[in-house]
Amino acid sequence: MRVFAALLFRNRLAAFGAVVLGLILILVLLTPLLPLPDPDQTSTGDRFLRPLSPGHLLGTDHLGRDLLARLLHGTRLSLAVGAAAALIAATIGSSIGIVAGYFGGRIDNVIMRFVDMLMAFPYILLALAIVAALGPGLMNALIAVAAVNVPFFARNIRGIAVGLAGREFIDAARLSGMGHGRIILTELLPNVLPVIVIAMSTTVGWMILETAGLSFLGLGSQPPQADLGSMLGEGRSALISHPHTSVVPGVMIFLIVMSVNLLGDGVRDALDPRLRSGALSRPQAMTRVARTGAVPAATEDLLAIQELET
Amino acid sequence: MGGYIAKRLISAIPVLLGITIIVFLIMSLIPGDPATAILGSYATPENVEKLNRDLGLDKPMVQRYFIWLGNMLTGDFGRSFSLNRPVLDEIVERFGATLVLAGTSFVLCSLLGILAGVVSAARQYGAADKLITLVVLIGISVPSFFLGMMMILLFAVELRWLPVSGMYAIYGGGDLPDLLRHLIMPALALAAVATGVIARLSRAAMLEVLRQDYIRTARAKGVRESRVIWGHALRAAMVSIIPVLGIQAGFVLSGAVYIEIVFQWPGVGRMLVDAILKRDLLLVQGGVVFVAACYVFFNIAVDVAQAMLDPRIKT
Amino acid sequence: MGTRVYRAVGGVSLSVRPGECLGVIGESGSGKSVTALSVMGLVASPPGVITGGAVRFEGEDLIGAPYETLRRRRGDRVAYIFQDPLATLHPLYRIGDQLAEAIRAHHSISAGEARERAIRLLNDVRIPNAGARIDDYPHKLSGGMRQRVSIAMALANEPDVIIADEPTTALDVTVQAQILALLDDLRRDRGLAIIFITHDFGVVAQLCDRIAVMYAGRIVEEGPTAAVLEAPAHPYTRRLIDCVPELGQGKRRLEAIPGLPPMVDALPEGCAFAPRCTKAVPDCARGDIALERTGTRAVRCLMPEESA
């Protein structure tokens, strides 16, 4: 674990992502303790106050609600929903993948056919269809985003599980009389866990973005409850006259997604050195020359290599 | 090649069927009485009865699916209650606008992404590489809808270079230059994320290819370095870039929904969101099936392009 | 990449005259390939850096020459044939196009002319039915055919020197013999100079006028092929020759050389072969040992083998 942390933080970008994300998390966890106004309290007299107004550090929105309070509560909600979606997608998707990979044969075939069909959709269409069926709402948006990402986990984890299921230690467990359930839980799962963590760390940013997106479209959190997406959606109608109501939540989404992505790349590189990006070297058109010392004199030969040092 | 295309087209049939089954299953998740839910605020007793008859909701589910499928195959996607016109007509009209937007974006992100990736790889660890890596990093983290809004603020409101939104000017517009002026911002905003992803991947693919022996051979032949990079290396790298383009096309199509909302673009994505908010589920259902089917055919085109590029793929 | 410097080649001098074939022999990792690639600046860089010496082509120093000068020589005057023909031919171009490109990189001729010339080249290297083969992709050809294509490509501009880096290693024996015969004919017909890099004495004996033996990035022995094979002067050469089984010699004991070649980042002082040498004396591990030249032969050893 310590080695992992050292590896992770040797990557300066990943460390930067971790710091930014850490700050946001601390801020968000402390939100209920901070002396902030009620995020849903309207005050028609104080509509669209500029940032740095007295009493409202980031100003107010179209209903006079304090933007800082709404931002922090919204961030809290967005992070929670995104993380929950990632967790649900990872759990269900990995279970499907492990079952398909472990049992193989017909079960594998049927499940993976179905997964392929799900992947044939551009992701938003599936999410929109689910939200359409269940009705708009933050919970339904969460379900939709999780469902859309299930095939991704199922496909990835299945690939690993297929490889592991053929290995000797699984056979050994089977011969020692363990049931399928126990083999999967005690032998297979610990071995695929790192892959699940990598897949999660690289997709959680996307899921936060997708839930925020659905809220932005008005299909996620419903008023007065606000997450970052719906704040941005509400800010849009006043974009031209009062841009700060859009900029504030937008920048926050950007910061979150960027730091999660940086950290996710770092986690992937640290856990799976084979996937290291940017470590490849590339031959240039011409070998670099850094010659010291005298150049030997010319000879009669057609081609002469003289005192060459490489 | 003709045989290969035919084979891929035939293999698309089960996928298309699967798409209709999945959409059908999702729509049957609707809680409560389907007809009332589908009709939403249009649920007058006559409408409910008519829809029940239209959809054959008194029949068992499997039979209902085949009736629905049969209707779609004959071009009957039902009638939109909120717009009071056939669903298919509306979809086809809106899909054209989406195609203009998403198509332009797709071409943009492919060209820019590959260009950035190749330059980045060719000058690895150089200034251009570092700059591109940074821009890519920001590009893939900015939500496209937020980027779109910021572009409106900068280019339309502050600088007044471009129109704020829409596809054509309300008065006196309608020609190609007018369309292009309206297209620039949404197409760029939509392309940003995909450009970043493609640039990243192209860079990795190029670095991998540039280490291969046949690149050394090309250099040993005395081929110009520009041709080594843009000919030999890029061509080999395209083998791993093209599948990514196919996947990114799906993301561009998805992102179009947000961009169409931000820029008031009259495309199929905005239609779907409006339809969901108005509970016009027949329109949603038809739109999803139609766009997903188009995406399946697009992916076949990607596979065919791949086969044409790489002679090692059995055709 | 650490800051460690691996010295793959340390002060190698070689030369060829027109029509001459020089064999460079040594174990894997002895620096033969790096030497060959350095000539036209083709060593992978990073990490490779040429730190000293010169490469003179017709008297002109190519090390440190501008890229364009180097590019004009590459493939036109000095051509390469590499080891693995599957990896060295571009998998996505037809072989005809790859040949034509080699020609058109140096001569402005039309596509049609280049194609005709490519067909003639394929005929020259005795590829049957060249007119049809020219539109094939590399993966459709056998290993021997692919190597013939590589040779045709090297010949495309009638170069003065061909550097062949283990061109027959990946091929089976009968094909190997055909390729060697082909190279030999070309050398006699066209007056090519060939630098032939290999680890196989059999191949050297068949083709080369002179050989140079490399060990740990340096030349340890040099001389006319027959003389060196008959009476090797360096203990390393002697042991290498003993490793080669010969037909019709009955059950001769095959000598393996004990130990492994030194790592290039941990070269011992003095003679690099001393730790594995049966004749080593304490002086061998002390100071630099010079390459002593006597007549056409040269050897880098304090205790050279007595000539028989």
# chains A, B, ... in the order shown; residues from 1 in each chain; ligands from 1
$ interface_residues --of "chain B" --to "chain C" --cutoff "12 Å" --atoms "only C-alpha atoms" --output "number ranges by chain"
B: 124-125, 209-228, 231-239, 306-313
$ select_by_dssp --residues "stretch 37-272 of chain C" --states "strand (DSSP E or B)" --output "number ranges by chain"
C: 49-50, 52-57, 60-61, 74, 78-81, 161-165, 193-198, 210-215, 218-224
$ write_last_selection --atoms "C-alpha atoms" --output "PDB file, in the first residue's frame"
ATOM      1  CA  VAL C  49      23.927   8.539 -28.646  1.00  0.00           C
ATOM      2  CA  ILE C  50      26.987   8.421 -30.849  1.00  0.00           C
ATOM      3  CA  GLY C  52      32.802   9.510 -30.741  1.00  0.00           C
ATOM      4  CA  GLY C  53      34.523   8.492 -33.947  1.00  0.00           C
ATOM      5  CA  ALA C  54      33.659   9.018 -37.574  1.00  0.00           C
ATOM      6  CA  VAL C  55      31.944   7.223 -40.416  1.00  0.00           C
ATOM      7  CA  ARG C  56      33.473   8.089 -43.736  1.00  0.00           C
ATOM      8  CA  PHE C  57      31.705   7.354 -46.969  1.00  0.00           C
ATOM      9  CA  GLU C  60      33.049  12.318 -46.232  1.00  0.00           C
ATOM     10  CA  ASP C  61      32.235  12.159 -42.534  1.00  0.00           C
ATOM     11  CA  ARG C  74      20.389   6.325 -46.984  1.00  0.00           C
ATOM     12  CA  VAL C  78      24.388   2.740 -48.480  1.00  0.00           C
ATOM     13  CA  ALA C  79      21.483   0.305 -48.115  1.00  0.00           C
ATOM     14  CA  TYR C  80      20.421  -1.977 -45.314  1.00  0.00           C
ATOM     15  CA  ILE C  81      18.989  -5.476 -45.120  1.00  0.00           C
ATOM     16  CA  VAL C 161      27.531  -0.559 -49.945  1.00  0.00           C
ATOM     17  CA  ILE C 162      24.991  -2.956 -48.471  1.00  0.00           C
ATOM     18  CA  ILE C 163      24.936  -3.487 -44.754  1.00  0.00           C
ATOM     19  CA  ALA C 164      23.229  -6.824 -44.080  1.00  0.00           C
ATOM     20  CA  ASP C 165      22.324  -7.295 -40.426  1.00  0.00           C
ATOM     21  CA  ALA C 193      30.677  -3.824 -51.041  1.00  0.00           C
ATOM     22  CA  ILE C 194      28.890  -5.847 -48.369  1.00  0.00           C
ATOM     23  CA  ILE C 195      29.194  -5.631 -44.621  1.00  0.00           C
ATOM     24  CA  PHE C 196      27.696  -8.889 -43.460  1.00  0.00           C
ATOM     25  CA  ILE C 197      26.752  -9.142 -39.817  1.00  0.00           C
ATOM     26  CA  THR C 198      26.126 -12.583 -38.378  1.00  0.00           C
ATOM     27  CA  ARG C 210      37.625 -10.748 -44.538  1.00  0.00           C
ATOM     28  CA  ILE C 211      36.123 -11.051 -41.101  1.00  0.00           C
ATOM     29  CA  ALA C 212      36.148  -9.007 -37.928  1.00  0.00           C
ATOM     30  CA  VAL C 213      35.250 -10.616 -34.614  1.00  0.00           C
ATOM     31  CA  MET C 214      33.498  -8.425 -32.064  1.00  0.00           C
ATOM     32  CA  TYR C 215      33.242  -8.975 -28.352  1.00  0.00           C
ATOM     33  CA  ARG C 218      35.163  -3.988 -29.490  1.00  0.00           C
ATOM     34  CA  ILE C 219      36.927  -5.765 -32.305  1.00  0.00           C
ATOM     35  CA  VAL C 220      39.116  -8.512 -30.909  1.00  0.00           C
ATOM     36  CA  GLU C 221      40.386  -9.975 -34.138  1.00  0.00           C
ATOM     37  CA  GLU C 222      40.427  -9.122 -37.817  1.00  0.00           C
ATOM     38  CA  GLY C 223      41.843 -10.765 -40.930  1.00  0.00           C
ATOM     39  CA  PRO C 224      41.228 -12.665 -44.188  1.00  0.00           C
TER      40      PRO C 224
END
$ closest_atom_pairs --of "chain B" --to "chain A" --cutoff "6 Å" --atoms "only C-alpha atoms" --output "Markdown table"
| residue | atom | partner | partner_atom | distance |
| --- | --- | --- | --- | --- |
| B:Val15 | CA | A:Met117 | CA | 5.9 |
| B:Gly18 | CA | A:Met117 | CA | 5.8 |
| B:Met27 | CA | A:Ala133 | CA | 5.4 |
| B:Ile30 | CA | A:Ala133 | CA | 4.9 |
| B:Ser141 | CA | A:Met258 | CA | 4.9 |
| B:Val142 | CA | A:Phe254 | CA | 5.1 |
| B:Phe146 | CA | A:Gly250 | CA | 5.8 |
| B:Arg211 | CA | A:Arg282 | CA | 5.8 |
| B:Gly250 | CA | A:Pro122 | CA | 4.7 |
| B:Ser254 | CA | A:Ile124 | CA | 5.1 |
| B:Ile276 | CA | A:Ala132 | CA | 5.3 |
| B:Val288 | CA | A:Leu125 | CA | 5.8 |
| B:Ala292 | CA | A:Phe121 | CA | 5.4 |
$ write_last_selection --atoms "N, CA and C atoms" --output "JSON list (two decimals), in the first residue's frame"
[["chain", "number", "residue", "atom", "x", "y", "z"],
["B", 15, "VAL", "N", -28.45, -7.54, -33.96],
["B", 15, "VAL", "CA", -28.19, -6.38, -33.10],
["B", 15, "VAL", "C", -29.38, -5.42, -33.15],
["B", 18, "GLY", "N", -32.10, -6.80, -31.19],
["B", 18, "GLY", "CA", -31.79, -6.65, -29.77],
["B", 18, "GLY", "C", -32.12, -5.25, -29.29],
["B", 27, "MET", "N", -39.33, 0.36, -21.90],
["B", 27, "MET", "CA", -40.60, 1.10, -21.91],
["B", 27, "MET", "C", -41.68, 0.36, -21.13],
["B", 30, "ILE", "N", -42.45, 1.18, -17.30],
["B", 30, "ILE", "CA", -43.30, 2.29, -16.86],
["B", 30, "ILE", "C", -44.29, 1.81, -15.81],
["B", 141, "SER", "N", -11.80, 17.28, -19.67],
["B", 141, "SER", "CA", -12.42, 17.45, -18.36],
["B", 141, "SER", "C", -13.53, 18.49, -18.35],
["B", 142, "VAL", "N", -13.59, 19.33, -19.38],
["B", 142, "VAL", "CA", -14.64, 20.36, -19.40],
["B", 142, "VAL", "C", -15.94, 19.73, -19.90],
["B", 146, "PHE", "N", -20.99, 23.09, -20.52],
["B", 146, "PHE", "CA", -20.41, 24.28, -19.89],
["B", 146, "PHE", "C", -19.51, 25.02, -20.88],
["B", 211, "ARG", "N", 8.17, 2.71, -32.94],
["B", 211, "ARG", "CA", 9.24, 1.84, -32.44],
["B", 211, "ARG", "C", 9.39, 0.59, -33.30],
["B", 250, "GLY", "N", -20.09, 7.62, -31.09],
["B", 250, "GLY", "CA", -21.19, 7.42, -30.15],
["B", 250, "GLY", "C", -21.22, 8.52, -29.10],
["B", 254, "SER", "N", -24.00, 11.38, -28.44],
["B", 254, "SER", "CA", -24.57, 11.57, -27.11],
["B", 254, "SER", "C", -24.43, 13.01, -26.66],
["B", 276, "ILE", "N", -39.45, 13.81, -23.36],
["B", 276, "ILE", "CA", -39.45, 13.19, -22.02],
["B", 276, "ILE", "C", -40.16, 14.10, -21.04],
["B", 288, "VAL", "N", -35.35, 6.92, -30.02],
["B", 288, "VAL", "CA", -34.23, 6.10, -29.53],
["B", 288, "VAL", "C", -33.94, 4.96, -30.50],
["B", 292, "ALA", "N", -30.42, 4.80, -32.60],
["B", 292, "ALA", "CA", -29.56, 3.65, -32.30],
["B", 292, "ALA", "C", -29.31, 2.81, -33.55]]
$ closest_residue --among "C:Gly217, C:Leu121, C:Gln147, C:Pro232" --to "chain A" --atoms "only C-alpha atoms"
C:Gly217
$ residues_around --residues "B:Ser165" --least-positions-apart "5" --cutoff "8 Å" --atoms "only C-alpha atoms" --output "CSV table (one decimal) with N, CA and C atoms, in the first residue's frame"
chain,number,residue,atom,x,y,z
B,182,HIS,N,-23.8,29.7,-37.7
B,182,HIS,CA,-24.5,29.1,-36.6
B,182,HIS,C,-23.9,27.8,-36.1
B,262,VAL,N,-28.1,23.6,-25.3
B,262,VAL,CA,-27.4,24.9,-25.0
B,262,VAL,C,-27.6,25.9,-26.2
B,263,PHE,N,-27.4,25.4,-27.4
B,263,PHE,CA,-27.5,26.3,-28.6
B,263,PHE,C,-28.8,26.3,-29.3
B,264,GLN,N,-29.9,25.7,-28.6
B,264,GLN,CA,-31.2,25.7,-29.3
B,264,GLN,C,-31.1,25.2,-30.7
B,265,TRP,N,-30.4,24.1,-30.9
B,265,TRP,CA,-30.3,23.5,-32.2
B,265,TRP,C,-31.5,22.6,-32.4
$ closest_residue --among "C:Glu116, C:Asp135, C:Asp160, C:Glu269" --to "chain A" --atoms "only C-alpha atoms"
C:Asp160
$ closest_residue --among "C:Leu122, C:Leu207, C:Ala280, C:Leu192" --to "chain A" --atoms "only C-alpha atoms"
C:Leu192
$ residues_around --residues "C:Ala226" --least-positions-apart "3" --cutoff "8 Å" --atoms "only C-alpha atoms" --output "tab-separated table (two decimals) with C-alpha atoms, in the first residue's frame"
chain	number	residue	atom	x	y	z
C	205	ALA	CA	33.09	-18.83	-44.66
C	229	LEU	CA	39.27	-19.71	-39.65
C	230	GLU	CA	42.37	-21.85	-40.03
$ residues_around --residues "stretch 175-184 of chain C" --least-positions-apart "2" --cutoff "12 Å" --atoms "only C-alpha atoms" --output "MDAnalysis selection string"
chainID C and resid 19:21 81 123:127 142:152 154:155 162:164 166:173 186:196 200 202:209
$ write_last_selection --atoms "C-alpha atoms" --output "compact mmCIF listing (two decimals), in the first residue's frame"
# COMPACT_ATOMS: atom_id res chain seq x y z
CA GLY C 19 33.41 -5.47 -54.34
CA GLU C 20 34.67 -6.65 -50.99
CA CYS C 21 32.65 -8.54 -48.42
CA ILE C 81 18.99 -5.48 -45.12
CA ASN C 123 13.08 -10.70 -61.10
CA ASP C 124 16.68 -9.90 -60.18
CA VAL C 125 16.25 -11.49 -56.77
CA ARG C 126 14.58 -14.44 -58.49
CA ILE C 127 11.07 -14.09 -57.23
CA SER C 142 6.88 -16.82 -47.24
CA GLY C 143 9.86 -15.84 -45.08
CA GLY C 144 12.35 -16.46 -47.89
CA MET C 145 10.29 -14.45 -50.37
CA ARG C 146 10.00 -11.58 -47.91
CA GLN C 147 13.75 -11.51 -47.43
CA ARG C 148 14.20 -11.44 -51.20
CA VAL C 149 11.91 -8.43 -51.26
CA SER C 150 14.09 -6.79 -48.60
CA ILE C 151 17.17 -7.47 -50.71
CA ALA C 152 15.44 -6.12 -53.81
CA ALA C 154 18.24 -2.62 -50.77
CA LEU C 155 19.31 -2.98 -54.40
CA ILE C 162 24.99 -2.96 -48.47
CA ILE C 163 24.94 -3.49 -44.75
CA ALA C 164 23.23 -6.82 -44.08
CA GLU C 166 21.82 -11.04 -39.90
CA PRO C 167 19.72 -11.31 -43.05
CA THR C 168 19.46 -15.10 -42.95
CA THR C 169 19.04 -15.78 -39.24
CA ALA C 170 15.26 -16.03 -39.38
CA LEU C 171 15.27 -18.37 -42.39
CA ASP C 172 15.63 -22.13 -42.67
CA VAL C 173 18.83 -23.62 -44.02
CA LEU C 186 25.08 -9.61 -56.87
CA ARG C 187 28.38 -8.70 -55.30
CA ARG C 188 30.35 -10.16 -58.20
CA ASP C 189 28.02 -8.76 -60.89
CA ARG C 190 27.72 -5.24 -59.54
CA GLY C 191 30.86 -4.70 -57.53
CA LEU C 192 28.92 -4.10 -54.32
CA ALA C 193 30.68 -3.82 -51.04
CA ILE C 194 28.89 -5.85 -48.37
CA ILE C 195 29.19 -5.63 -44.62
CA PHE C 196 27.70 -8.89 -43.46
CA ASP C 200 27.33 -17.90 -37.90
CA GLY C 202 29.38 -21.16 -41.75
CA VAL C 203 27.78 -18.17 -43.44
CA VAL C 204 30.96 -16.11 -43.12
CA ALA C 205 33.09 -18.83 -44.66
CA GLN C 206 30.77 -19.05 -47.64
CA LEU C 207 30.56 -15.37 -48.46
CA CYS C 208 33.18 -13.12 -46.92
CA ASP C 209 36.69 -12.09 -47.93
$ select_by_dssp --residues "stretch 152-257 of chain A" --states "alpha helix (DSSP H)" --output "ChimeraX atom specification"
/A:152-165,168-175,180-182,189-216,228-236,244-257
$ write_last_selection --atoms "C-alpha atoms" --output "PDB file, in the first residue's frame"
ATOM      1  CA  PHE A 152     -18.529  -1.568 -19.595  1.00  0.00           C
ATOM      2  CA  PHE A 153     -17.699  -3.277 -16.297  1.00  0.00           C
ATOM      3  CA  ALA A 154     -19.237  -6.577 -17.373  1.00  0.00           C
ATOM      4  CA  ARG A 155     -17.149  -6.689 -20.546  1.00  0.00           C
ATOM      5  CA  ASN A 156     -13.867  -5.736 -18.834  1.00  0.00           C
ATOM      6  CA  ILE A 157     -14.220  -8.011 -15.823  1.00  0.00           C
ATOM      7  CA  ARG A 158     -15.376 -10.951 -17.903  1.00  0.00           C
ATOM      8  CA  GLY A 159     -12.164 -10.799 -19.926  1.00  0.00           C
ATOM      9  CA  ILE A 160     -10.093 -11.083 -16.744  1.00  0.00           C
ATOM     10  CA  ALA A 161     -12.339 -13.720 -15.174  1.00  0.00           C
ATOM     11  CA  VAL A 162     -12.145 -15.958 -18.248  1.00  0.00           C
ATOM     12  CA  GLY A 163      -8.366 -15.944 -17.986  1.00  0.00           C
ATOM     13  CA  LEU A 164      -8.418 -16.672 -14.260  1.00  0.00           C
ATOM     14  CA  ALA A 165     -11.081 -19.389 -14.427  1.00  0.00           C
ATOM     15  CA  GLU A 168      -4.697 -24.063 -11.650  1.00  0.00           C
ATOM     16  CA  PHE A 169      -5.672 -22.493  -8.353  1.00  0.00           C
ATOM     17  CA  ILE A 170      -9.323 -22.442  -9.424  1.00  0.00           C
ATOM     18  CA  ASP A 171      -9.118 -26.119 -10.355  1.00  0.00           C
ATOM     19  CA  ALA A 172      -7.478 -26.820  -7.012  1.00  0.00           C
ATOM     20  CA  ALA A 173     -10.284 -25.050  -5.178  1.00  0.00           C
ATOM     21  CA  ARG A 174     -12.850 -27.002  -7.149  1.00  0.00           C
ATOM     22  CA  LEU A 175     -11.160 -30.329  -6.392  1.00  0.00           C
ATOM     23  CA  HIS A 180     -19.136 -22.263  -7.023  1.00  0.00           C
ATOM     24  CA  GLY A 181     -20.228 -19.461  -4.736  1.00  0.00           C
ATOM     25  CA  ARG A 182     -17.276 -19.867  -2.395  1.00  0.00           C
ATOM     26  CA  LEU A 189     -12.944 -11.942  -6.502  1.00  0.00           C
ATOM     27  CA  PRO A 190      -9.695 -10.972  -4.742  1.00  0.00           C
ATOM     28  CA  ASN A 191      -7.870 -11.432  -8.031  1.00  0.00           C
ATOM     29  CA  VAL A 192     -10.155  -9.258 -10.126  1.00  0.00           C
ATOM     30  CA  LEU A 193     -10.509  -6.554  -7.483  1.00  0.00           C
ATOM     31  CA  PRO A 194      -7.561  -4.450  -8.727  1.00  0.00           C
ATOM     32  CA  VAL A 195      -9.062  -4.438 -12.212  1.00  0.00           C
ATOM     33  CA  ILE A 196     -12.398  -3.324 -10.809  1.00  0.00           C
ATOM     34  CA  VAL A 197     -10.667  -0.527  -8.903  1.00  0.00           C
ATOM     35  CA  ILE A 198      -8.854   0.623 -12.040  1.00  0.00           C
ATOM     36  CA  ALA A 199     -12.046   0.551 -14.088  1.00  0.00           C
ATOM     37  CA  MET A 200     -13.884   2.478 -11.384  1.00  0.00           C
ATOM     38  CA  SER A 201     -11.214   5.109 -10.955  1.00  0.00           C
ATOM     39  CA  THR A 202     -11.175   5.793 -14.674  1.00  0.00           C
ATOM     40  CA  THR A 203     -14.976   5.979 -15.031  1.00  0.00           C
ATOM     41  CA  VAL A 204     -16.186   7.704 -11.861  1.00  0.00           C
ATOM     42  CA  GLY A 205     -15.370  11.095 -13.396  1.00  0.00           C
ATOM     43  CA  TRP A 206     -17.544  10.257 -16.363  1.00  0.00           C
ATOM     44  CA  MET A 207     -20.397   9.204 -14.139  1.00  0.00           C
ATOM     45  CA  ILE A 208     -20.307  12.413 -12.115  1.00  0.00           C
ATOM     46  CA  LEU A 209     -20.359  14.269 -15.426  1.00  0.00           C
ATOM     47  CA  GLU A 210     -23.230  12.186 -16.806  1.00  0.00           C
ATOM     48  CA  THR A 211     -25.478  12.617 -13.771  1.00  0.00           C
ATOM     49  CA  ALA A 212     -24.716  16.330 -13.774  1.00  0.00           C
ATOM     50  CA  GLY A 213     -25.582  16.300 -17.476  1.00  0.00           C
ATOM     51  CA  LEU A 214     -28.963  14.681 -16.935  1.00  0.00           C
ATOM     52  CA  SER A 215     -29.715  17.212 -14.194  1.00  0.00           C
ATOM     53  CA  PHE A 216     -28.631  19.963 -16.567  1.00  0.00           C
ATOM     54  CA  LEU A 228     -24.175  21.022  -9.901  1.00  0.00           C
ATOM     55  CA  GLY A 229     -25.934  20.064 -13.117  1.00  0.00           C
ATOM     56  CA  SER A 230     -29.264  21.607 -12.275  1.00  0.00           C
ATOM     57  CA  MET A 231     -27.540  24.744 -10.953  1.00  0.00           C
ATOM     58  CA  LEU A 232     -25.861  25.080 -14.315  1.00  0.00           C
ATOM     59  CA  GLY A 233     -29.175  24.422 -16.036  1.00  0.00           C
ATOM     60  CA  GLU A 234     -30.890  27.149 -14.011  1.00  0.00           C
ATOM     61  CA  GLY A 235     -27.987  29.507 -14.568  1.00  0.00           C
ATOM     62  CA  ARG A 236     -28.281  29.028 -18.319  1.00  0.00           C
ATOM     63  CA  HIS A 244     -21.639  34.141 -12.612  1.00  0.00           C
ATOM     64  CA  THR A 245     -24.580  31.852 -11.805  1.00  0.00           C
ATOM     65  CA  SER A 246     -23.375  29.510 -14.584  1.00  0.00           C
ATOM     66  CA  VAL A 247     -19.652  29.965 -14.183  1.00  0.00           C
ATOM     67  CA  VAL A 248     -19.603  28.977 -10.517  1.00  0.00           C
ATOM     68  CA  PRO A 249     -21.102  25.479 -10.843  1.00  0.00           C
ATOM     69  CA  GLY A 250     -19.435  24.931 -14.221  1.00  0.00           C
ATOM     70  CA  VAL A 251     -15.950  25.541 -12.881  1.00  0.00           C
ATOM     71  CA  MET A 252     -16.676  23.215  -9.983  1.00  0.00           C
ATOM     72  CA  ILE A 253     -17.718  20.392 -12.325  1.00  0.00           C
ATOM     73  CA  PHE A 254     -14.575  21.000 -14.357  1.00  0.00           C
ATOM     74  CA  LEU A 255     -12.352  20.859 -11.264  1.00  0.00           C
ATOM     75  CA  ILE A 256     -13.958  17.681  -9.996  1.00  0.00           C
ATOM     76  CA  VAL A 257     -13.848  15.861 -13.307  1.00  0.00           C
TER      77      VAL A 257
END
$ residues_around --residues "B:Pro186" --least-positions-apart "2" --cutoff "7 Å" --atoms "only C-alpha atoms" --output "CSV table (one decimal) with N, CA and C atoms, in the first residue's frame"
chain,number,residue,atom,x,y,z
B,148,GLY,N,-19.8,25.1,-24.1
B,148,GLY,CA,-20.7,25.7,-25.0
B,148,GLY,C,-21.2,27.1,-24.4
B,183,LEU,N,-23.2,27.2,-37.0
B,183,LEU,CA,-22.6,25.8,-36.8
B,183,LEU,C,-21.3,25.8,-36.0
B,184,ILE,N,-20.5,26.9,-36.2
B,184,ILE,CA,-19.1,26.9,-35.7
B,184,ILE,C,-19.0,26.6,-34.2
B,188,LEU,N,-17.7,23.0,-32.5
B,188,LEU,CA,-16.5,23.0,-31.8
B,188,LEU,C,-16.7,22.5,-30.3
B,189,ALA,N,-17.7,23.1,-29.7
B,189,ALA,CA,-18.0,22.7,-28.3
B,189,ALA,C,-18.2,21.2,-28.2
B,190,LEU,N,-18.9,20.6,-29.2
B,190,LEU,CA,-19.2,19.2,-29.2
B,190,LEU,C,-18.0,18.4,-29.5
B,259,ILE,N,-25.5,19.8,-26.4
B,259,ILE,CA,-25.2,20.9,-27.2
B,259,ILE,C,-26.4,21.5,-27.9
B,263,PHE,N,-27.4,25.4,-27.4
B,263,PHE,CA,-27.5,26.3,-28.6
B,263,PHE,C,-28.8,26.3,-29.3
$ atom_distance --atom1 "atom CA of B:Ser120" --atom2 "atom CA of B:Leu201"
10.9 Å
$ residues_around --residues "B:Val119" --least-positions-apart "5" --cutoff "12 Å" --atoms "only C-alpha atoms" --output "ChimeraX atom specification"
/B:112-114,124-133,199-200,202-204,206-207,226,229-230,233-234
$ closest_residue --among "C:Arg133, C:Arg115, C:Lys32, C:Arg239" --to "chain A" --atoms "only C-alpha atoms"
C:Lys32
$ closest_residue --among "C:Leu141, C:Ile289, C:Cys271, C:Val12" --to "chain A" --atoms "only C-alpha atoms"
C:Val12
$ decode --residues "stretch 191-198 of chain C" --atoms "N, CA and C atoms" --output "compact mmCIF listing (two decimals), in the first residue's frame"
# COMPACT_ATOMS: atom_id res chain seq x y z
N GLY C 191 29.77 -5.32 -58.25
CA GLY C 191 30.86 -4.70 -57.53
C GLY C 191 30.43 -4.04 -56.23
N LEU C 192 29.40 -4.61 -55.60
CA LEU C 192 28.92 -4.10 -54.32
C LEU C 192 29.92 -4.38 -53.21
N ALA C 193 29.99 -3.47 -52.27
CA ALA C 193 30.68 -3.82 -51.04
C ALA C 193 29.61 -4.27 -50.05
N ILE C 194 29.89 -5.36 -49.33
CA ILE C 194 28.89 -5.85 -48.37
C ILE C 194 29.51 -5.91 -46.99
N ILE C 195 28.82 -5.38 -46.01
CA ILE C 195 29.19 -5.63 -44.62
C ILE C 195 28.16 -6.61 -44.10
N PHE C 196 28.62 -7.82 -43.78
CA PHE C 196 27.70 -8.89 -43.46
C PHE C 196 27.80 -9.22 -41.97
N ILE C 197 26.72 -8.96 -41.27
CA ILE C 197 26.75 -9.14 -39.82
C ILE C 197 26.06 -10.45 -39.47
N THR C 198 26.71 -11.28 -38.68
CA THR C 198 26.13 -12.58 -38.38
C THR C 198 26.76 -13.14 -37.11
